[in-house]
Amino acid sequence: MDENTPLIIASSTSKTASFAINPTDNNQNYNNNNDDQRIPLFLFLEAQTPFGLLYESFTIFLILLSILTFILSTLFLPQYNTDSPIANSCSKVCDAIWFGNYPDNALSGLGIGATSICEIVIVAIFSVDYLLRFYTADLIDGGKKYGGWWGRVKFVFSFFSLVDLASIVPFYVDSFVLKDVDLASSNFLRMFRFLRMMKVEGRYDLALGMVDDVFYSMRGVLGTALFVGITVWGVLSSFFYLAERRNPSMIYCGAAPSRCFKGQDDIDTSLCIMDDWGVVDCTNAGCPNGDDGKEVCWNLYRSIVDSSFWTLMELFGEFPLVDQHSAGGKVLGTFTAVFAVAVFALPVGIFGSGFEDQIARRREAKRAAMDTLNVGEGDNDVNDTRSHEVGENNFVVGDNSTFRGKLYNFLNRQDTLAANVFEKFIHFLILGTALLFMVDTLGDYYINSHFQSIMNIIEFIIMVIFTVEYIMRLYSASEDPKHIGFTGKMSYVVGLFPLIDLLAVMPYWMEVPFIASGNPSGQVVKFLRLLRMIRFEKYMNILSFFDDAVNESMDILTVTGFSALLLWIFFSSVLYMTERDTADEDMANYYKTVPHAMWITLLNLSGECPLANYSAAGKVTLGFIGLFATAVFGVPIGILGAGFEESVASHAEDSPDQEETTATSDNPDESKTSSIQWRCFQFVNGIGSKAAILFEMLIYLLIGITVIVGIIQTVPGHENTLSWVEWIAVIVFTIEYIIRFVGASVDPEFSDGTDYNSVLGGITKRMKFLVSFYSIIDLMAILPFYLAYMMPGSWVDNNDEYLRMIRLCRLLKLDKYVPSISLVDDVIRLKRRSLTISCIASIVLWVLFSGWMYLSEHEDHSMEIDNLPLYGCIENCTMSVRYNNFFTSFPLVGIHLTGDFPMVEYDGFGRIVCFFMVIAAIGVVSIPSGIIASGFADIVQSKSKSSNNLPKGGTAGDDWFDIRYRELEGQPPPVSVFGPQMDQLQMSIKIYLDGEPDGTTGTVKRTTFSKIGRVFFFALIIANIIAVVLESIPEVDEYIGNQDGNFFDVFEAWSVFFFTVDYILRLLSARKSREALYSPLVYATTFFGIVDLASIAPWYIQVVLSKTGNLSGDEAKVFRIFRIFRVLQLEDFITAFSKLDNVFRASKDVLKATGLMAIIIWVGTSALFFIFEENNPNFRQCDYSIPLVEVDGEPGCYDFDSTAACNEYYPGMCSQSAFTNMPNTMFYVAVFLGGDWGFVDFTWPGKIVCMFLCVAGIALYSVPVGSLFDSFGAVLGLSDDGDDEEEEGERA
């Protein structure tokens, strides 16, 4: 059993196992000296005596007080916490007692700078504590670790010793060494005292220990995945740099001095210019650079270094600059959202999986240990008999001979028809009160006084019924022995569901006047009645499942929850220190105090990045959060979600429906059916001949081509591009439809039991075909084309732009050949019980949080947001516009419940609601998506026959290369036609390049020359990557210059020379390399050969184009950037990318189905967003000279029905960045499907599409990503890291 296991089992009073002293053992040998007078002191410090336990509690209090004073102290700094009424409310005496913000407070006479009594006392106690621990350090582990003077030195550098020193030494440095220097960070270092709590409770030190175990157990596959992720990051950063370095929309002026704005909110960056080096000059926009030449405004992608931060955000699934990308940037962004995010997520997924494995192992070890101690049976009894207050099985049987007993049975047992009807009636009223609350939020604009009076009467009647029901339940509760007498009655009243019932009625009668007058407090009262929706728990046991999940993982949740809290406070403090002084006022406003910083940091740790323009230190911190901290912070949320899902699944006991048997008696008999019908049926289904197969392939091809053409034709100026392709496709599709119609009479899908050759049978089958799903799709794809052609000038012709979108439905025809959308029904039937429970839980939470957010934000005017003309707000808009009523709140909360927070301009109450959404609701609401994803994978894999046909000795995803490679095992390389001397030369080169395998140890032996060459090429690859990055930095590039023969050119020439020699040598030795299948052609066409060629070919192309005068200096930079691909040559040192194709092949069945479904949903919802949002004024921008609304008869920017109409009146002065055409829209929808909502202010039809994506998008994208992760582990041997137990023993 793991040595740390007892720490999880231990009670709250058990201490860390590293201290080998047992206070109850009088015969214990304390460091071979039973008379050591320090032993009582040591036991006291380690809380192994009664007074030691009190001291430990006092220490916890001091730690929490220290952290709290630091956090609160940031509220009383008016230079940062501007416009706050409390910023100046702490006097000098107050500051001297608690915070120590200012050196001139009441303690200034001490001459030790800014400090406080609280800090002096805490530091004094912790200093004495540290000295005493240092004094007794040799008693730890009997002196084995820290005995002697060298042991004391080791103690000083131990983890907790450094934590202690970091929390006290800065005070002495600040107060006595550098007392005249303002060390702002010294106060921040108090946060390290939080780590001291990890040794207070024996379980807490597992937080770091478990992380270490995860990294160790997953080190092999994690290293490979990290290499893949870092490589993808570097390559994409380089290409984003190329795409955006000249994009004026990426010029950032947020930190520009106030002189640049001249009363305007923004600087017109389109007037800025960039020189050959990439330096921005905004003089034409009224914002010249400083006298020192330093940029006032700069391009966010000015170098690969800068680009790497934004690329990292997008690889996290966050697109903070989503509306500023150029066309090339949008192409790269689409690729990132669709493909790269999944690859980059592999390390985090592997870490999360490893953490779950560690938790499972420790849980099993805990159970085994409890069984050994003979306490398992008792604990299990407790767990198994744990009583919930819900569920009809928990109700006793009332005495039917009394009125109270009959009433109790009527209300609680529902064993009669009348009782069931009454129960359903109450549920109907619960839904009715929810609907009344929703409608009531619409306000006077939608509801007149007469309708409001009717609603008040209905509400009064419902409340009377609810009140009577509550009184009856309270009266009859005494039938249950637990609720007899006054004490019993009170225990009933404070129960969950009775308390909800009481909250639903009591405030109403207390605040009827408020409701009648429309006072907001009345809305709160009405919202409380939404809580009665929780009564549906009686049927779904949702809270019971959640309780099971918490109890099952309580110990792990304690550990990981503490770690998450520590990370939250720590990184909030770090970002407060790095961002409070930033010149960007918008950014500084979110980090002006630690409590303010905790709001955004909470979102960062949950995987969100709503803000982006951080300082350099802030970007590094945010990158660390995204790469590492989010994985740890998300563990407790993931544990809760997984535990809830496991409980639901175990209770739901889903089972697939009976397979529908296909009628075989009605299959067509070729000898009895019309030869024309039979041939038509076979032809359109690709059966019976090569012509049929080719025709089917032609249909596939035309579907893809017409979809692409339809997308292109939405771009202004390309409306008729490739229209001849559409003509050909429509004719072919028409012919196909006619053939299908003819062959429908023999299609088993439309069988009805009648004879195939009868007239009636043929007619009914064809009528079934006409109204079938695929027939309707076919007609929708071709009829609008004919109607527009035959009726020019008609409504159909005038709306051809939108009807053209219907042609995209042809994608659905592919579902006949690659089932995807049609499998959704199978998934729902397979997981129906689990989905029902989890969906009800999700809907209830969605409704409750929507109401809660409406109450918190519908009068929130604290922060301004962008203009929202569609919602009637032109200027000075706030969150109250977005949360105007329940119905506008609903889609926004849906976005938040998917885990995305594109809106952060909330007040304090709104942030608290969002906190609960992050912590609790997201883990529950995502469960239906997870169940759908799991069901989809199960069904696809069950239908796949290839998953069980692995070749002998093979692994998942093996292809022809892997099979052939195994076949060549033990076979000698072929003999060269040029004789033995060539054989010897090739073999020598092979040994130099790849070493020689040692048959006894299985390792690779290298000569000294080979080792030197390997190190040289490794260093050369790294140097080339560094050179690419440095050359992209404007200052470095300008310093080196672009003259012929500059450093970068010479270095590149020599690099290409060495890489070329290496490539030639590998081609030459391929005949002796089994890795090349003994073939130079195989080497040249596989991953390694292509990478080696790609690392040198761009240079030769650049040289040729330069010599012929066909390449400018700026274009040459594009070729030089391609050197970044040399990072892939590190594959020779770390195998990763060459296995990715195996990963994709191992996932091909699931990826094929989900990939088609992804394309259908992506293209389909893109078409809907394009149609609904093309003219949404919320996304329109106009020149500063154009008024927003009509002024003196001149129409404003928002007065036009479309952006095109605006441009007709104001030529070239109106623009819309989003949803202007299908390619543009598809980029945004790809981002949406990845879970990041760069836009939220849609039209109502757009909001409906948005809510659909909130539900379907997560499920859709979790399937292929999960499949890739599973296959990655299978291909690389995720669970095969050697003898883990033996290695762990060695570590111990």
# chains A, B, ... in the order shown; residues from 1 in each chain; ligands from 1

call {"tool": "residues_around", "arguments": {"residues": "His483 in chain A", "least_positions_apart": "6", "cutoff": "12 Å", "atoms": "only C-alpha atoms", "output": "list in words"}}
result
Phe395, Val396, Arg473, Leu474, Tyr475, Ser476, Ala477, Lys489, Met490, Ser491, Tyr492, Val493, Val494 and Gly495 of chain A

call {"tool": "write_last_selection", "arguments": {"atoms": "N, CA and C atoms", "output": "short mmCIF file (atom, residue, chain, number, x, y, z; two decimals), in the first residue's frame"}}
result
data_model
loop_
_atom_site.label_atom_id
_atom_site.label_comp_id
_atom_site.auth_asym_id
_atom_site.auth_seq_id
_atom_site.Cartn_x
_atom_site.Cartn_y
_atom_site.Cartn_z
N PHE A 395 -41.27 7.68 3.54
CA PHE A 395 -42.46 8.14 4.25
C PHE A 395 -43.10 6.98 5.00
N VAL A 396 -43.46 7.23 6.24
CA VAL A 396 -44.15 6.21 7.02
C VAL A 396 -45.60 6.14 6.56
N ARG A 473 -49.49 20.08 5.37
CA ARG A 473 -48.29 19.26 5.54
C ARG A 473 -47.71 19.43 6.95
N LEU A 474 -47.73 20.65 7.46
CA LEU A 474 -47.21 20.90 8.80
C LEU A 474 -48.08 20.21 9.85
N TYR A 475 -49.39 20.27 9.65
CA TYR A 475 -50.32 19.63 10.60
C TYR A 475 -50.16 18.12 10.61
N SER A 476 -50.04 17.53 9.41
CA SER A 476 -50.00 16.06 9.32
C SER A 476 -48.60 15.48 9.55
N ALA A 477 -47.58 16.33 9.68
CA ALA A 477 -46.21 15.84 9.82
C ALA A 477 -46.03 15.01 11.08
N LYS A 489 -41.74 19.11 15.37
CA LYS A 489 -42.30 20.05 14.38
C LYS A 489 -41.21 20.98 13.84
N MET A 490 -40.35 21.46 14.73
CA MET A 490 -39.28 22.36 14.29
C MET A 490 -38.29 21.64 13.39
N SER A 491 -38.03 20.36 13.70
CA SER A 491 -37.13 19.61 12.82
C SER A 491 -37.74 19.44 11.44
N TYR A 492 -39.07 19.34 11.39
CA TYR A 492 -39.74 19.26 10.08
C TYR A 492 -39.66 20.59 9.35
N VAL A 493 -39.88 21.69 10.07
CA VAL A 493 -39.89 23.02 9.45
C VAL A 493 -38.55 23.36 8.82
N VAL A 494 -37.45 22.95 9.46
CA VAL A 494 -36.13 23.30 8.94
C VAL A 494 -35.61 22.26 7.96
N GLY A 495 -36.41 21.25 7.64
CA GLY A 495 -36.02 20.31 6.59
C GLY A 495 -35.96 21.02 5.24
#

call {"tool": "residues_around", "arguments": {"residues": "range 418-423 of chain A", "least_positions_apart": "2", "cutoff": "12 Å", "atoms": "only C-alpha atoms", "output": "list in words"}}
result
Lys406, Leu407, Tyr408, Asn409, Phe410, Leu411, Asn412, Arg413, Gln414, Asp415, Thr416, Phe425, Ile426, His427, Phe428, Leu429, Ile430, Ile465, Phe466, Glu469, Arg535, Phe536, Lys538 and Tyr539 of chain A

call {"tool": "closest_residue", "arguments": {"among": "A:Phe1057, A:Arg152, A:Trp599, A:Ser1079", "to": "Gly908 in chain A", "atoms": "only C-alpha atoms"}}
result
A:Trp599

call {"tool": "select_by_dssp", "arguments": {"residues": "range 79-288 of chain A", "states": "alpha helix (DSSP H)", "output": "PyMOL selection string"}}
result
chain A and resi 92-94+117-135+148-156+159-172+184-188+206-217+219-244

call {"tool": "write_last_selection", "arguments": {"atoms": "C-alpha atoms", "output": "mmCIF file, in the first residue's frame"}}
result
data_model
loop_
_atom_site.group_PDB
_atom_site.id
_atom_site.type_symbol
_atom_site.label_atom_id
_atom_site.label_comp_id
_atom_site.auth_asym_id
_atom_site.auth_seq_id
_atom_site.Cartn_x
_atom_site.Cartn_y
_atom_site.Cartn_z
ATOM 1 C CA LYS A 92 -3.696 56.299 10.666
ATOM 2 C CA VAL A 93 -4.547 54.444 13.857
ATOM 3 C CA CYS A 94 -6.600 51.896 11.921
ATOM 4 C CA ILE A 117 0.748 45.950 15.126
ATOM 5 C CA CYS A 118 -0.988 42.916 13.648
ATOM 6 C CA GLU A 119 1.967 42.202 11.358
ATOM 7 C CA ILE A 120 4.573 42.772 14.083
ATOM 8 C CA VAL A 121 2.820 40.349 16.437
ATOM 9 C CA ILE A 122 2.342 37.682 13.761
ATOM 10 C CA VAL A 123 5.940 37.931 12.551
ATOM 11 C CA ALA A 124 7.233 37.780 16.123
ATOM 12 C CA ILE A 125 5.239 34.617 16.871
ATOM 13 C CA PHE A 126 6.188 32.964 13.589
ATOM 14 C CA SER A 127 9.844 33.933 14.097
ATOM 15 C CA VAL A 128 9.926 32.276 17.518
ATOM 16 C CA ASP A 129 8.069 29.306 16.063
ATOM 17 C CA TYR A 130 10.662 28.943 13.291
ATOM 18 C CA LEU A 131 13.607 29.168 15.685
ATOM 19 C CA LEU A 132 12.071 26.515 17.922
ATOM 20 C CA ARG A 133 11.423 24.236 14.945
ATOM 21 C CA PHE A 134 15.012 24.737 13.811
ATOM 22 C CA TYR A 135 16.156 23.921 17.348
ATOM 23 C CA GLY A 148 23.874 17.243 12.754
ATOM 24 C CA TRP A 149 24.927 20.577 11.311
ATOM 25 C CA TRP A 150 24.480 19.407 7.710
ATOM 26 C CA GLY A 151 20.997 18.155 8.583
ATOM 27 C CA ARG A 152 20.111 21.600 9.914
ATOM 28 C CA VAL A 153 21.260 23.096 6.601
ATOM 29 C CA LYS A 154 19.005 20.632 4.755
ATOM 30 C CA PHE A 155 16.170 21.606 7.084
ATOM 31 C CA VAL A 156 16.582 25.295 6.177
ATOM 32 C CA PHE A 159 9.859 23.068 1.545
ATOM 33 C CA PHE A 160 8.041 24.163 4.690
ATOM 34 C CA SER A 161 11.145 25.856 6.076
ATOM 35 C CA LEU A 162 11.368 27.972 2.932
ATOM 36 C CA VAL A 163 7.658 28.744 3.272
ATOM 37 C CA ASP A 164 8.222 29.915 6.834
ATOM 38 C CA LEU A 165 11.228 32.027 5.852
ATOM 39 C CA ALA A 166 9.414 33.571 2.873
ATOM 40 C CA SER A 167 6.650 34.715 5.205
ATOM 41 C CA ILE A 168 8.885 36.412 7.814
ATOM 42 C CA VAL A 169 12.246 37.386 6.272
ATOM 43 C CA PRO A 170 10.790 40.087 3.940
ATOM 44 C CA PHE A 171 9.430 41.871 7.020
ATOM 45 C CA TYR A 172 12.904 42.169 8.526
ATOM 46 C CA ALA A 184 5.434 46.593 -2.236
ATOM 47 C CA SER A 185 5.983 42.884 -2.717
ATOM 48 C CA SER A 186 6.877 42.326 0.941
ATOM 49 C CA ASN A 187 3.229 42.520 1.939
ATOM 50 C CA PHE A 188 2.339 40.144 -0.851
ATOM 51 C CA LEU A 206 -1.043 15.229 -0.166
ATOM 52 C CA ALA A 207 -2.082 18.028 -2.494
ATOM 53 C CA LEU A 208 1.479 18.533 -3.686
ATOM 54 C CA GLY A 209 2.340 14.872 -3.227
ATOM 55 C CA MET A 210 -0.475 13.735 -5.503
ATOM 56 C CA VAL A 211 0.571 16.209 -8.188
ATOM 57 C CA ASP A 212 4.089 14.817 -7.999
ATOM 58 C CA ASP A 213 2.756 11.255 -8.234
ATOM 59 C CA VAL A 214 0.679 12.154 -11.289
ATOM 60 C CA PHE A 215 3.640 13.684 -13.093
ATOM 61 C CA TYR A 216 5.810 10.714 -12.225
ATOM 62 C CA SER A 217 3.313 8.022 -13.253
ATOM 63 C CA ARG A 219 5.916 11.052 -17.295
ATOM 64 C CA GLY A 220 6.394 9.108 -20.549
ATOM 65 C CA VAL A 221 3.174 9.952 -22.360
ATOM 66 C CA LEU A 222 2.987 13.390 -20.727
ATOM 67 C CA GLY A 223 6.426 14.301 -22.089
ATOM 68 C CA THR A 224 5.387 13.246 -25.569
ATOM 69 C CA ALA A 225 2.111 15.162 -25.361
ATOM 70 C CA LEU A 226 3.908 18.253 -24.048
ATOM 71 C CA PHE A 227 6.328 18.134 -26.953
ATOM 72 C CA VAL A 228 3.386 17.958 -29.371
ATOM 73 C CA GLY A 229 1.646 20.828 -27.610
ATOM 74 C CA ILE A 230 4.714 23.075 -27.441
ATOM 75 C CA THR A 231 5.551 22.398 -31.088
ATOM 76 C CA VAL A 232 2.016 23.207 -32.205
ATOM 77 C CA TRP A 233 2.180 26.358 -30.086
ATOM 78 C CA GLY A 234 5.463 27.508 -31.629
ATOM 79 C CA VAL A 235 4.466 26.804 -35.230
ATOM 80 C CA LEU A 236 1.059 28.462 -34.895
ATOM 81 C CA SER A 237 2.618 31.469 -33.122
ATOM 82 C CA SER A 238 4.895 31.959 -36.124
ATOM 83 C CA PHE A 239 2.070 31.756 -38.627
ATOM 84 C CA PHE A 240 -0.184 34.053 -36.622
ATOM 85 C CA TYR A 241 2.721 36.502 -36.561
ATOM 86 C CA LEU A 242 2.896 36.347 -40.359
ATOM 87 C CA ALA A 243 -0.856 36.791 -40.749
ATOM 88 C CA GLU A 244 -1.349 39.664 -38.286
#

call {"tool": "atom_distance", "arguments": {"atom1": "CA of Cys1250 in chain A", "atom2": "CA of Thr334 in chain A"}}
result
18.4 Å

call {"tool": "residues_around", "arguments": {"residues": "range 1038-1055 of chain A", "least_positions_apart": "3", "cutoff": "8 Å", "atoms": "only C-alpha atoms", "output": "PDB file with N, CA and C atoms, in the first residue's frame"}}
result
ATOM      1  N   TRP A 277      10.281  47.498 -40.240  1.00  0.00           N
ATOM      2  CA  TRP A 277      10.652  46.675 -39.084  1.00  0.00           C
ATOM      3  C   TRP A 277       9.448  46.277 -38.242  1.00  0.00           C
ATOM      4  N   LEU A1020      21.854  22.884 -33.108  1.00  0.00           N
ATOM      5  CA  LEU A1020      21.595  23.655 -34.319  1.00  0.00           C
ATOM      6  C   LEU A1020      20.100  23.881 -34.510  1.00  0.00           C
ATOM      7  N   ASN A1024      18.334  27.514 -34.476  1.00  0.00           N
ATOM      8  CA  ASN A1024      17.503  27.990 -35.578  1.00  0.00           C
ATOM      9  C   ASN A1024      16.149  28.500 -35.090  1.00  0.00           C
ATOM     10  N   ALA A1027      16.748  31.789 -33.552  1.00  0.00           N
ATOM     11  CA  ALA A1027      17.019  32.791 -34.588  1.00  0.00           C
ATOM     12  C   ALA A1027      15.730  33.271 -35.233  1.00  0.00           C
ATOM     13  N   GLU A1031      14.628  37.170 -34.931  1.00  0.00           N
ATOM     14  CA  GLU A1031      14.507  37.972 -36.152  1.00  0.00           C
ATOM     15  C   GLU A1031      13.139  38.622 -36.267  1.00  0.00           C
ATOM     16  N   PRO A1034      11.159  43.476 -33.755  1.00  0.00           N
ATOM     17  CA  PRO A1034      11.547  44.647 -34.562  1.00  0.00           C
ATOM     18  C   PRO A1034      12.880  45.252 -34.142  1.00  0.00           C
ATOM     19  N   GLU A1035      13.106  45.396 -32.856  1.00  0.00           N
ATOM     20  CA  GLU A1035      14.339  46.029 -32.392  1.00  0.00           C
ATOM     21  C   GLU A1035      15.567  45.214 -32.783  1.00  0.00           C
ATOM     22  N   PHE A1058      24.355  22.283 -43.396  1.00  0.00           N
ATOM     23  CA  PHE A1058      24.424  21.104 -42.524  1.00  0.00           C
ATOM     24  C   PHE A1058      23.163  20.245 -42.633  1.00  0.00           C
ATOM     25  N   PHE A1059      21.982  20.896 -42.701  1.00  0.00           N
ATOM     26  CA  PHE A1059      20.743  20.133 -42.817  1.00  0.00           C
ATOM     27  C   PHE A1059      20.676  19.411 -44.161  1.00  0.00           C
TER      28      PHE A1059
END

call {"tool": "residues_around", "arguments": {"residues": "Ser57 in chain A", "least_positions_apart": "5", "cutoff": "10 Å", "atoms": "only C-alpha atoms", "output": "number ranges by chain"}}
result
A: 47, 51-52, 62-63, 200

call {"tool": "residues_around", "arguments": {"residues": "Asp826 in chain A", "least_positions_apart": "4", "cutoff": "8 Å", "atoms": "only C-alpha atoms", "output": "number ranges by chain"}}
result
A: 822, 830, 939

call {"tool": "write_last_selection", "arguments": {"atoms": "N, CA and C atoms", "output": "mmCIF file, in the first residue's frame"}}
result
data_model
loop_
_atom_site.group_PDB
_atom_site.id
_atom_site.type_symbol
_atom_site.label_atom_id
_atom_site.label_comp_id
_atom_site.auth_asym_id
_atom_site.auth_seq_id
_atom_site.Cartn_x
_atom_site.Cartn_y
_atom_site.Cartn_z
ATOM 1 N N SER A 822 -28.186 10.608 -37.586
ATOM 2 C CA SER A 822 -29.186 9.572 -37.343
ATOM 3 C C SER A 822 -28.867 8.738 -36.105
ATOM 4 N N LEU A 830 -30.346 4.891 -25.771
ATOM 5 C CA LEU A 830 -29.391 4.147 -24.960
ATOM 6 C C LEU A 830 -29.218 4.764 -23.576
ATOM 7 N N ILE A 939 -21.874 3.718 -29.117
ATOM 8 C CA ILE A 939 -22.629 3.207 -30.256
ATOM 9 C C ILE A 939 -21.735 3.087 -31.486
#

call {"tool": "atom_distance", "arguments": {"atom1": "CA of Leu1168 in chain A", "atom2": "CA of Leu315 in chain A"}}
result
26.4 Å

call {"tool": "residues_around", "arguments": {"residues": "Leu503 in chain A", "least_positions_apart": "6", "cutoff": "12 Å", "atoms": "only C-alpha atoms", "output": "ChimeraX atom specification"}}
result
/A:463,466-467,470,493-497,509-510,524-532

call {"tool": "atom_distance", "arguments": {"atom1": "CA of Ser988 in chain A", "atom2": "CA of Leu1077 in chain A"}}
result
17.5 Å

call {"tool": "closest_residue", "arguments": {"among": "A:Cys839, A:Ile989, A:Ile1159, A:Leu346", "to": "Leu627 in chain A", "atoms": "only C-alpha atoms"}}
result
A:Leu346
